[in-house]
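Asks: Data file run10.csv (CSV, C-alpha atoms and all ligand atoms) is appended below.
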```
chain,number,residue,atom,x,y,z
A,1,MET,CA,98.0,144.1,182.2
A,2,ILE,CA,100.9,141.9,183.2
A,3,ASP,CA,101.9,140.6,179.8
A,4,LEU,CA,103.9,137.4,179.9
A,5,ARG,CA,102.9,136.2,176.4
A,6,SER,CA,106.3,136.9,175.0
A,7,ASP,CA,109.4,139.2,175.3
A,8,THR,CA,108.3,140.7,172.0
A,9,VAL,CA,105.7,142.8,173.8
A,10,THR,CA,108.1,145.2,175.4
A,11,ARG,CA,107.7,148.9,174.6
A,12,PRO,CA,110.8,151.0,173.7
A,13,THR,CA,112.6,152.6,176.6
A,14,PRO,CA,112.8,156.4,177.0
A,15,ALA,CA,116.4,156.3,175.7
A,16,MET,CA,115.3,154.4,172.6
A,17,ARG,CA,112.5,156.8,171.9
A,18,ARG,CA,114.9,159.8,172.2
A,19,ALA,CA,117.5,158.1,169.9
A,20,MET,CA,114.7,157.3,167.4
A,21,MET,CA,113.7,161.0,167.3
A,22,GLU,CA,117.3,162.2,166.9
A,23,ALA,CA,118.5,159.5,164.5
A,24,GLU,CA,120.5,160.6,161.5
A,25,VAL,CA,119.0,158.8,158.4
A,26,GLY,CA,119.5,158.2,154.7
A,27,ASP,CA,118.3,155.8,152.1
A,28,ASP,CA,119.4,152.3,153.3
A,29,VAL,CA,118.7,150.7,150.0
A,30,TYR,CA,121.6,152.8,148.7
A,31,GLY,CA,123.5,151.9,151.8
A,32,GLU,CA,123.3,155.5,152.9
A,33,ASP,CA,121.7,155.4,156.3
A,34,PRO,CA,124.5,156.2,158.7
A,35,THR,CA,122.6,154.8,161.7
A,36,VAL,CA,121.8,151.5,160.0
A,37,ASN,CA,125.5,151.3,159.0
A,38,ARG,CA,126.6,151.9,162.6
A,39,LEU,CA,124.1,149.2,163.8
A,40,GLU,CA,125.3,146.7,161.3
A,41,GLN,CA,128.9,147.3,162.2
A,42,SER,CA,128.2,147.1,165.8
A,43,ALA,CA,126.3,143.8,165.4
A,44,ALA,CA,129.1,142.3,163.3
A,45,GLU,CA,131.6,143.2,166.1
A,46,ILE,CA,129.5,141.8,168.8
A,47,ALA,CA,129.0,138.6,166.9
A,48,GLY,CA,132.7,138.5,165.8
A,49,LYS,CA,131.6,138.1,162.2
A,50,GLU,CA,132.8,140.1,159.1
A,51,ALA,CA,129.4,141.7,158.4
A,52,ALA,CA,125.8,142.0,159.5
A,53,LEU,CA,122.5,142.9,157.9
A,54,PHE,CA,119.6,144.7,159.5
A,55,VAL,CA,116.3,142.9,158.7
A,56,PRO,CA,112.8,143.6,159.8
A,57,SER,CA,112.2,140.3,161.6
A,58,GLY,CA,113.8,137.2,162.9
A,59,THR,CA,111.8,135.2,160.4
A,60,MET,CA,113.3,137.2,157.5
A,61,GLY,CA,116.8,136.7,159.0
A,62,ASN,CA,116.4,132.9,159.2
A,63,THR,CA,114.8,132.8,155.7
A,64,ILE,CA,117.7,134.6,154.1
A,65,ALA,CA,120.2,132.5,156.0
A,66,VAL,CA,118.6,129.2,154.8
A,67,LYS,CA,118.5,130.5,151.3
A,68,LEU,CA,122.2,131.5,151.4
A,69,HIS,CA,123.3,128.1,152.5
A,70,THR,CA,121.2,125.8,150.5
A,71,GLU,CA,120.1,124.8,147.0
A,72,PRO,CA,116.4,123.9,146.2
A,73,GLY,CA,115.8,120.1,146.8
A,74,GLN,CA,118.0,119.8,149.9
A,75,GLU,CA,117.3,119.0,153.5
A,76,VAL,CA,117.8,121.3,156.5
A,77,ILE,CA,118.5,119.4,159.7
A,78,CYS,CA,117.0,121.0,162.8
A,79,ASP,CA,115.4,120.1,166.1
A,80,ALA,CA,111.7,118.9,165.8
A,81,ARG,CA,110.4,121.9,167.7
A,82,ALA,CA,112.5,124.5,165.9
A,83,HIS,CA,111.0,127.9,165.2
A,84,VAL,CA,112.0,127.6,161.5
A,85,LEU,CA,109.8,124.5,161.3
A,86,ASP,CA,106.8,125.4,163.4
A,87,TYR,CA,106.4,129.1,163.4
A,88,GLU,CA,107.7,130.5,160.1
A,89,LEU,CA,105.0,129.5,157.7
A,90,ALA,CA,107.1,126.9,155.9
A,91,MET,CA,109.5,129.5,154.6
A,92,VAL,CA,112.2,126.8,154.3
A,93,ALA,CA,110.1,125.2,151.7
A,94,TRP,CA,108.5,128.3,150.2
A,95,PHE,CA,111.6,130.5,149.7
A,96,SER,CA,114.4,128.0,149.6
A,97,GLY,CA,112.7,124.9,148.2
A,98,CYS,CA,114.1,122.7,150.9
A,99,VAL,CA,112.5,120.2,153.3
A,100,VAL,CA,113.2,119.9,157.0
A,101,ARG,CA,114.8,116.8,158.6
A,102,ALA,CA,113.5,117.2,162.1
A,103,ILE,CA,115.3,115.5,165.0
A,104,PRO,CA,113.2,114.9,168.2
A,105,THR,CA,115.0,116.0,171.3
A,106,GLU,CA,113.9,116.3,174.9
A,107,ASP,CA,115.4,119.7,175.5
A,108,GLY,CA,115.7,121.2,172.0
A,109,ILE,CA,119.5,120.8,172.1
A,110,LEU,CA,121.0,118.8,169.3
A,111,SER,CA,124.2,116.7,169.6
A,112,TRP,CA,126.7,116.1,166.9
A,113,ASP,CA,126.0,112.4,167.2
A,114,ALA,CA,122.3,112.9,166.5
A,115,VAL,CA,123.0,115.2,163.6
A,116,ARG,CA,125.7,113.0,162.1
A,117,GLN,CA,123.2,110.1,161.8
A,118,ARG,CA,120.7,112.2,159.8
A,119,ILE,CA,123.2,113.6,157.3
A,120,ARG,CA,122.4,112.2,153.9
A,121,PRO,CA,125.0,111.7,151.2
A,122,LEU,CA,124.2,112.1,147.5
A,123,GLY,CA,122.3,109.0,146.3
A,124,PRO,CA,119.6,108.0,143.9
A,125,HIS,CA,116.8,108.5,146.5
A,126,TRP,CA,117.7,111.0,149.1
A,127,ALA,CA,117.6,114.7,149.3
A,128,PRO,CA,121.1,115.7,150.3
A,129,THR,CA,121.7,117.6,153.5
A,130,GLY,CA,122.2,121.3,152.8
A,131,LEU,CA,122.4,122.9,156.2
A,132,ILE,CA,122.3,122.3,160.0
A,133,GLU,CA,120.2,124.7,162.0
A,134,ILE,CA,120.4,125.1,165.7
A,135,GLU,CA,118.2,127.3,167.9
A,136,ASN,CA,119.9,129.0,170.9
A,137,THR,CA,118.1,129.6,173.2
A,138,HIS,CA,115.5,127.1,172.2
A,139,ASN,CA,112.1,128.8,172.5
A,140,MET,CA,109.6,125.9,172.7
A,141,ALA,CA,111.8,123.7,174.7
A,142,GLY,CA,111.6,126.3,177.4
A,143,GLY,CA,114.5,128.7,176.7
A,144,THR,CA,117.1,125.9,176.9
A,145,VAL,CA,120.8,126.8,176.2
A,146,TYR,CA,123.4,125.0,174.1
A,147,PRO,CA,126.6,124.2,176.1
A,148,LEU,CA,129.5,125.8,174.2
A,149,ARG,CA,131.1,122.4,173.6
A,150,ALA,CA,128.0,121.1,171.9
A,151,ILE,CA,128.0,124.0,169.4
A,152,ARG,CA,131.7,123.5,168.7
A,153,GLU,CA,131.2,119.7,168.1
A,154,ILE,CA,128.3,120.2,165.7
A,155,CYS,CA,130.1,122.9,163.8
A,156,ASP,CA,133.4,121.0,163.6
A,157,GLY,CA,131.6,117.8,162.4
A,158,ALA,CA,129.5,119.7,159.9
A,159,HIS,CA,132.5,121.7,158.5
A,160,GLN,CA,134.5,118.5,158.1
A,161,ARG,CA,131.7,117.3,155.8
A,162,GLY,CA,131.5,120.6,153.9
A,163,LEU,CA,128.2,121.6,155.6
A,164,LYS,CA,127.4,125.0,157.1
A,165,VAL,CA,125.7,125.7,160.4
A,166,HIS,CA,123.2,128.5,161.0
A,167,MET,CA,122.2,129.6,164.5
A,168,ASP,CA,118.7,130.9,165.1
A,169,GLY,CA,119.9,133.1,168.0
A,170,ALA,CA,116.8,135.1,168.3
A,171,ARG,CA,117.7,135.1,172.1
A,172,VAL,CA,121.4,134.5,171.8
A,173,PHE,CA,122.1,137.3,174.4
A,174,ASN,CA,120.0,135.3,176.9
A,175,ALA,CA,122.1,132.2,175.9
A,176,ALA,CA,125.3,134.1,176.5
A,177,ALA,CA,124.2,135.4,179.9
A,178,ALA,CA,123.2,131.8,180.9
A,179,VAL,CA,126.6,130.3,180.2
A,180,SER,CA,128.5,133.4,181.3
A,181,ALA,CA,130.2,133.9,177.9
A,182,SER,CA,130.2,136.6,175.4
A,183,VAL,CA,127.9,136.4,172.4
A,184,ARG,CA,131.0,136.3,170.2
A,185,ASP,CA,132.2,133.1,172.0
A,186,VAL,CA,128.8,131.5,171.7
A,187,VAL,CA,128.5,132.1,168.0
A,188,ALA,CA,132.2,131.7,167.1
A,189,PRO,CA,131.9,128.2,165.5
A,190,VAL,CA,128.7,128.9,163.5
A,191,ASP,CA,128.7,130.2,159.9
A,192,THR,CA,125.8,132.6,160.3
A,193,VAL,CA,123.7,133.8,163.2
A,194,MET,CA,120.4,135.6,163.4
A,195,PHE,CA,119.6,137.5,166.6
A,196,CYS,CA,116.7,139.7,167.4
A,197,LEU,CA,116.8,143.2,168.8
A,198,SER,CA,113.0,143.1,169.4
A,199,LYS,CA,112.8,140.2,171.8
A,200,ALA,CA,114.6,140.2,175.1
A,201,LEU,CA,116.6,143.3,174.1
A,202,GLY,CA,113.5,145.4,173.9
A,203,ALA,CA,113.8,147.3,170.6
A,204,PRO,CA,110.5,147.8,168.8
A,205,VAL,CA,111.6,146.2,165.6
A,206,GLY,CA,114.4,144.4,164.0
A,207,SER,CA,116.9,141.5,163.8
A,208,MET,CA,120.4,141.1,162.6
A,209,LEU,CA,121.9,138.4,160.4
A,210,ALA,CA,125.7,138.2,160.8
A,211,GLY,CA,128.3,136.1,158.9
A,212,PRO,CA,131.0,136.3,156.2
A,213,ALA,CA,130.9,139.5,154.1
A,214,ASP,CA,130.3,137.8,150.8
A,215,LEU,CA,127.2,136.0,152.1
A,216,ILE,CA,125.8,139.1,153.8
A,217,ALA,CA,126.2,141.1,150.6
A,218,LYS,CA,124.2,138.4,148.8
A,219,GLY,CA,121.7,138.4,151.7
A,220,ARG,CA,121.1,142.1,151.1
A,221,LEU,CA,119.7,141.1,147.7
A,222,TYR,CA,117.4,138.5,149.2
A,223,ARG,CA,116.3,141.0,151.7
A,224,LYS,CA,115.2,143.3,148.9
A,225,ARG,CA,113.5,140.4,147.1
A,226,LEU,CA,111.5,139.7,150.3
A,227,GLY,CA,110.4,143.4,150.5
A,228,GLY,CA,112.8,144.2,153.3
A,229,GLY,CA,114.6,147.2,151.7
A,230,MET,CA,113.5,149.8,154.2
A,231,ARG,CA,114.8,153.2,153.2
A,232,GLN,CA,115.2,155.8,156.1
A,233,VAL,CA,115.2,153.0,158.6
A,234,GLY,CA,117.8,154.7,160.9
A,235,VAL,CA,114.9,155.6,163.1
A,236,LEU,CA,114.5,151.9,163.9
A,237,ALA,CA,118.2,151.1,163.9
A,238,ALA,CA,118.7,153.9,166.5
A,239,ALA,CA,116.5,151.9,168.9
A,240,GLY,CA,118.5,148.8,168.0
A,241,LEU,CA,121.8,150.4,169.0
A,242,ILE,CA,120.4,151.4,172.4
A,243,ALA,CA,119.1,147.8,172.8
A,244,LEU,CA,122.5,146.4,172.2
A,245,GLU,CA,124.1,148.9,174.7
A,246,GLU,CA,121.5,149.0,177.4
A,247,THR,CA,119.7,145.7,177.7
A,248,PRO,CA,122.1,142.7,177.7
A,249,ARG,CA,123.4,143.5,181.2
A,250,ARG,CA,120.0,143.2,182.8
A,251,LEU,CA,119.0,139.9,181.2
A,252,PRO,CA,120.0,137.9,184.3
A,253,GLU,CA,117.2,139.7,186.2
A,254,ASP,CA,114.7,138.3,183.7
A,255,HIS,CA,116.2,134.8,184.2
A,256,CYS,CA,115.8,135.1,187.9
A,257,ASN,CA,112.2,136.2,187.5
A,258,ALA,CA,111.5,133.2,185.2
A,259,LYS,CA,112.9,130.9,187.8
A,260,PHE,CA,110.8,132.5,190.5
A,261,LEU,CA,107.7,132.1,188.3
A,262,ALA,CA,108.6,128.4,187.6
A,263,GLU,CA,109.1,127.8,191.4
A,264,GLY,CA,105.7,129.4,192.1
A,265,LEU,CA,104.0,127.5,189.3
A,266,SER,CA,105.4,124.2,190.5
A,267,ARG,CA,103.7,124.6,193.8
A,268,ILE,CA,100.2,125.1,192.3
A,269,PRO,CA,98.3,121.8,192.2
A,270,GLY,CA,97.8,120.4,188.7
A,271,ILE,CA,100.7,122.4,187.2
A,272,GLN,CA,103.9,120.6,186.3
A,273,VAL,CA,107.2,122.3,185.7
A,274,ASP,CA,110.8,121.7,186.8
A,275,PRO,CA,112.3,125.0,188.0
A,276,ALA,CA,115.8,123.5,187.8
A,277,ARG,CA,115.5,123.3,184.1
A,278,VAL,CA,114.6,127.0,183.6
A,279,ALA,CA,117.9,128.6,182.5
A,280,THR,CA,116.7,131.8,180.8
A,281,ASN,CA,113.6,133.9,180.4
A,282,ILE,CA,111.1,131.2,179.1
A,283,VAL,CA,109.0,128.9,181.3
A,284,ILE,CA,107.0,126.2,179.5
A,285,PHE,CA,104.6,124.5,182.0
A,286,ASP,CA,102.1,121.7,181.8
A,287,VAL,CA,98.6,122.5,183.0
A,288,GLY,CA,97.1,119.0,182.1
A,289,GLY,CA,96.7,118.1,185.8
A,290,THR,CA,94.3,121.0,186.4
A,291,GLY,CA,91.7,119.4,184.2
A,292,LEU,CA,91.4,122.7,182.3
A,293,PRO,CA,92.6,123.4,178.7
A,294,SER,CA,95.1,126.1,178.4
A,295,GLY,CA,92.7,128.3,176.5
A,296,GLU,CA,90.3,128.3,179.4
A,297,ILE,CA,93.2,129.2,181.8
A,298,SER,CA,94.3,132.0,179.5
A,299,GLY,CA,90.8,133.4,179.5
A,300,ARG,CA,90.5,133.3,183.3
A,301,LEU,CA,94.0,134.9,183.7
A,302,LYS,CA,93.0,137.7,181.3
A,303,GLN,CA,90.0,138.6,183.5
A,304,ARG,CA,92.6,138.9,186.4
A,305,GLY,CA,94.9,141.2,184.4
A,306,VAL,CA,97.5,138.6,183.3
A,307,LEU,CA,98.3,137.5,179.8
A,308,ILE,CA,99.8,134.0,179.3
A,309,ASN,CA,99.2,132.0,176.1
A,310,GLY,CA,98.9,128.3,175.6
A,311,VAL,CA,101.4,126.5,173.3
A,312,ASN,CA,98.8,123.7,172.9
A,313,GLU,CA,96.0,122.3,175.0
A,314,ARG,CA,98.3,121.2,177.8
A,315,LEU,CA,101.3,123.4,177.7
A,316,MET,CA,101.5,127.1,178.4
A,317,ARG,CA,104.4,129.5,178.0
A,318,ALA,CA,105.4,132.5,180.2
A,319,VAL,CA,108.2,134.8,179.1
A,320,THR,CA,109.8,137.4,181.3
A,321,HIS,CA,111.2,140.7,180.1
A,322,TYR,CA,112.0,144.2,181.3
A,323,ASP,CA,108.4,145.3,181.4
A,324,VAL,CA,107.5,142.7,184.1
A,325,ASP,CA,109.3,142.9,187.5
A,326,ARG,CA,109.4,140.6,190.4
A,327,ALA,CA,106.2,142.1,192.0
A,328,ALA,CA,104.4,141.6,188.7
A,329,CYS,CA,105.5,137.9,188.6
A,330,ALA,CA,104.2,137.4,192.1
A,331,GLU,CA,100.9,138.9,191.0
A,332,ALA,CA,100.8,136.6,188.0
A,333,LEU,CA,101.3,133.6,190.3
A,334,ALA,CA,98.5,134.7,192.6
A,335,ALA,CA,96.2,135.1,189.5
A,336,MET,CA,97.2,131.6,188.3
A,337,GLU,CA,96.4,130.1,191.7
A,338,GLN,CA,92.9,131.6,191.5
A,339,ALA,CA,92.4,130.7,187.8
A,340,VAL,CA,93.0,127.0,188.3
A,341,ALA,CA,91.4,126.7,191.8
B,1,LIG,N1,109.2,134.0,168.4
B,1,LIG,C1,107.9,134.5,168.8
B,1,LIG,C2,106.8,133.7,168.2
B,1,LIG,O1,107.0,133.6,166.8
B,1,LIG,C3,106.7,132.3,168.7
B,1,LIG,C4,107.8,134.5,170.3
B,1,LIG,O2,106.9,135.1,170.8
B,1,LIG,O3,108.7,133.9,171.0
B,1,LIG,N2,113.4,132.5,166.1
B,1,LIG,C5,112.9,132.3,167.4
B,1,LIG,C6,113.6,131.3,168.3
B,1,LIG,C7,111.8,133.0,167.9
B,1,LIG,O4,111.4,132.8,169.1
B,1,LIG,C8,111.2,133.9,167.0
B,1,LIG,C9,110.0,134.7,167.4
B,1,LIG,C10,111.7,134.1,165.7
B,1,LIG,C11,112.8,133.3,165.3
B,1,LIG,C12,111.1,135.0,164.7
B,1,LIG,O5,111.2,136.3,165.0
B,1,LIG,P1,110.1,137.4,164.4
B,1,LIG,O6,108.9,137.3,165.2
B,1,LIG,O7,110.8,138.7,164.5
B,1,LIG,O8,109.9,137.0,162.9
```
Can you give me the file's structure in the form of structure tokens?

Replies:
Amino acid sequence: MIDLRSDTVTRPTPAMRRAMMEAEVGDDVYGEDPTVNRLEQSAAEIAGKEAALFVPSGTMGNTIAVKLHTEPGQEVICDARAHVLDYELAMVAWFSGCVVRAIPTEDGILSWDAVRQRIRPLGPHWAPTGLIEIENTHNMAGGTVYPLRAIREICDGAHQRGLKVHMDGARVFNAAAAVSASVRDVVAPVDTVMFCLSKALGAPVGSMLAGPADLIAKGRLYRKRLGGGMRQVGVLAAAGLIALEETPRRLPEDHCNAKFLAEGLSRIPGIQVDPARVATNIVIFDVGGTGLPSGEISGRLKQRGVLINGVNERLMRAVTHYDVDRAACAEALAAMEQAVA
């Protein structure tokens, strides 16, 4: 199967499997797992933050971050297609007691001007703004990337008003590669960042939440509350360390493959996508013109050995990663041509 459903589907590399087997471990709830400690230190250094916390999933990392920055009864400002809003089972409401103030955007990228207009002061009617959340890269907008300046403007504006900014950087390594900057530079202005080891970087499990030491120490307690105290979890952290060392340098290849896919898709009658807008490893394309619902196309592709999911009836999403090379992308395009013919 050529699996383009997500970059979460990658299998651990041989080096990851070796490192997992040989990992030194201890009880991480006591802070005694040396491999986890190394991973957290390394993640903090990469992000240029004081501390980092290893969490089982991106959802848990975002959930803890929102809880750290807000009080129940506040609003979290984010883009209208944000993962925290659409794909995390309302954890913003359930765990933090907040509502989302969603800003519709064309490309998932917020501007300070748009954010500024939605910030609510204390008053007799409104829920006050508690947090600004930005997603970089933006998944459902098609892997779009924040210009460094936009991040800086949002953070400067928010900080002047005493507000914090959290970045859902599930794919922040892709974002950094796309703007030719270091992850540290991309996340420098934000207060906290969550990034995933298990997406484009290829580790089997795990995400990191990085930020100021006092917040991360508090976050450790929320992680335990959520059932994320994982004991001898160095076996997983070991794979995460390899992911941080091995994978970032090859992400541009995934980005080229995504562009190649988008170019091929744009030539198939009935499919609409602008390859020029594909900046990282995610291609969202419109199959409305084929007259077929996305579910039907997914089924036909599966029969031809290709997995691509629909986002809704009209839109589909293909995500490149290290388990699909250029030849596999070409095969997927041929299968798509047949599927919609
Ligand atoms: N995204 C998954 C699905 O949930 C859609 C995917 O296949 O892309 N933030 C962003 C921007 C994400 O894309 C994801 C996962 C998460 C957070 C959550 O990470 P996990 O799945 O580890 O909880």

Asks: Could you tell me which of A:Glu32, A:Asp323, A:Glu88, A:Glu246 comes closest to ligand LIG 1 (chain B) if we count all atoms listed in the file?

Replies: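 Of the candidates, the smallest distance to ligand LIG 1 (chain B) is held by A:Glu88.
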
Asks: Go through A:Val273, A:Val55, A:Val36, A:Ala238 and flag the residue nearest ligand LIG 1 (chain B), using only C-alpha atoms and all ligand atoms for the distances.

Replies: A:Val55

Asks: Of the residues A:Ala150, A:Leu315, A:Ile271, A:Leu89, which is the one nearest to ligand LIG 1 (chain B), using all atoms listed in the file?

Replies: A:Leu89

Asks: Around ligand LIG 1 (chain B), out to 6 Å and counting all atoms listed in the file, which residues are there? I want them as a ChimeraX atom specification.

Replies: /A:6,8,57-59,83,87,139,168,170

Asks: If you keep C-alpha atoms, can you produce a file of those selected residues as a tab-separated table (two decimals), in the coordinates of the input?

Replies:
```tsv
chain	number	residue	atom	x	y	z
A	6	SER	CA	106.30	136.90	175.00
A	8	THR	CA	108.30	140.70	172.00
A	57	SER	CA	112.20	140.30	161.60
A	58	GLY	CA	113.80	137.20	162.90
A	59	THR	CA	111.80	135.20	160.40
A	83	HIS	CA	111.00	127.90	165.20
A	87	TYR	CA	106.40	129.10	163.40
A	139	ASN	CA	112.10	128.80	172.50
A	168	ASP	CA	118.70	130.90	165.10
A	170	ALA	CA	116.80	135.10	168.30
```

Asks: In Å to one decimal, how far is CA of Val179 in chain A from CA of Met194 in chain A?

Replies: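 Computing the Euclidean distance for CA of Met194 in chain A and CA of Val179 in chain A yields 18.7 Å.
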
Asks: Identify, on the basis of all atoms listed in the file, every residue whose closest approach to Glu153 in chain A does not exceed 12 Å; exclude the query and any residue fewer than 4 positions from it along the same chain; express the result as a list of chain:residue names.

Replies: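 After dropping sequence-adjacent residues, the list is A:Leu110, A:Ser111, A:Trp112, A:Asp113, A:Ala114, A:Val115, A:Arg116, A:Tyr146, A:Pro147, A:Leu148, A:Arg149, A:Gly157, A:Ala158, A:His159, A:Gln160, A:Val165, A:Pro189, A:Val190.
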
Asks: Restricting the calculation to all atoms listed in the file, which member of A:Ile216, A:Val278, A:Met316, A:Val183 is positioned closest to Gly48 in chain A?

Replies: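 Going through A:Ile216, A:Val278, A:Met316, A:Val183 one by one, the smallest distance to Gly48 in chain A is for A:Val183.
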
Asks: Given the choices A:Ala47, A:Ala237, A:Tyr30, A:Pro204, which gets closest to Ser182 in chain A if the distance is worked out from only C-alpha atoms?

Replies: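 Comparing A:Ala47, A:Ala237, A:Tyr30, A:Pro204 against Ser182 in chain A, the winner is A:Ala47.
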
Asks: To one decimal place, how far is CA of Ile308 in chain A from CA of Ile282 in chain A in Å?

Replies: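 About the pair CA of Ile308 in chain A and CA of Ile282 in chain A: they are 11.6 Å apart.
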
Asks: So, counting all atoms listed in the file, which residue among A:Thr70, A:Thr320, A:Asn257, A:Gln117 is closest to Asp7 in chain A?

Replies: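 Selected residue with least distance to Asp7 in chain A: A:Thr320.
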
Asks: CA of Ser96 in chain A and CA of Lys67 in chain A are how many Å apart?

Replies: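 These atoms are spaced 5.1 Å apart.
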
Asks: Could you list, as a list of chain:residue names, every residue within 7 Å of range 133-135 of chain A, counting all atoms listed in the file and ignoring same-chain residues fewer than 2 positions away?

Replies: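 Listing them by chain and then by number gives A:Val76, A:Ile77, A:Cys78, A:Ala82, A:Leu131, A:Thr137, A:His138, A:Val165, A:His166, A:Met167, A:Asp168, A:Gly169.
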
Asks: With C-alpha atoms retained, export the selected residues as a PDB file, in the coordinates of the input.

Replies:
```
ATOM      1  CA  VAL A  76     117.800 121.300 156.500  1.00  0.00           C
ATOM      2  CA  ILE A  77     118.500 119.400 159.700  1.00  0.00           C
ATOM      3  CA  CYS A  78     117.000 121.000 162.800  1.00  0.00           C
ATOM      4  CA  ALA A  82     112.500 124.500 165.900  1.00  0.00           C
ATOM      5  CA  LEU A 131     122.400 122.900 156.200  1.00  0.00           C
ATOM      6  CA  THR A 137     118.100 129.600 173.200  1.00  0.00           C
ATOM      7  CA  HIS A 138     115.500 127.100 172.200  1.00  0.00           C
ATOM      8  CA  VAL A 165     125.700 125.700 160.400  1.00  0.00           C
ATOM      9  CA  HIS A 166     123.200 128.500 161.000  1.00  0.00           C
ATOM     10  CA  MET A 167     122.200 129.600 164.500  1.00  0.00           C
ATOM     11  CA  ASP A 168     118.700 130.900 165.100  1.00  0.00           C
ATOM     12  CA  GLY A 169     119.900 133.100 168.000  1.00  0.00           C
TER      13      GLY A 169
END
```

Asks: Name the residues in contact with Val340 in chain A at a cut-off of 10 Å, using all atoms listed in the file, excluding same-chain residues fewer than 6 positions from it; report them as an mmCIF file with C-alpha atoms, in the frame of the given file.

Replies:
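Result file follows (part.cif):
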```cif
data_model
loop_
_atom_site.group_PDB
_atom_site.id
_atom_site.type_symbol
_atom_site.label_atom_id
_atom_site.label_comp_id
_atom_site.auth_asym_id
_atom_site.auth_seq_id
_atom_site.Cartn_x
_atom_site.Cartn_y
_atom_site.Cartn_z
ATOM 1 C CA ILE A 268 100.200 125.100 192.300
ATOM 2 C CA PRO A 269 98.300 121.800 192.200
ATOM 3 C CA GLY A 270 97.800 120.400 188.700
ATOM 4 C CA ILE A 271 100.700 122.400 187.200
ATOM 5 C CA VAL A 287 98.600 122.500 183.000
ATOM 6 C CA GLY A 289 96.700 118.100 185.800
ATOM 7 C CA THR A 290 94.300 121.000 186.400
ATOM 8 C CA GLY A 291 91.700 119.400 184.200
ATOM 9 C CA LEU A 292 91.400 122.700 182.300
ATOM 10 C CA GLU A 296 90.300 128.300 179.400
ATOM 11 C CA ILE A 297 93.200 129.200 181.800
ATOM 12 C CA ARG A 300 90.500 133.300 183.300
ATOM 13 C CA LEU A 301 94.000 134.900 183.700
#
```

Asks: Please identify all polymer residues within 10 Å of Val100 in chain A, counting only C-alpha atoms, omitting same-chain residues fewer than 3 positions from it, and present them as a ChimeraX atom specification.

Replies: /A:74-80,84-85,90,92-93,103,129,131-133

Asks: Write out as a JSON list (two decimals) with C-alpha atoms, in the coordinates of the input which residues come within 7 Å of Pro248 in chain A when counting all atoms listed in the file, dropping same-chain ones fewer than 3 positions away.

Replies:
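As a result, selection-v7.json now contains:
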```
[["chain", "number", "residue", "atom", "x", "y", "z"],
["A", 173, "PHE", "CA", 122.10, 137.30, 174.40],
["A", 201, "LEU", "CA", 116.60, 143.30, 174.10],
["A", 244, "LEU", "CA", 122.50, 146.40, 172.20],
["A", 251, "LEU", "CA", 119.00, 139.90, 181.20]]
```
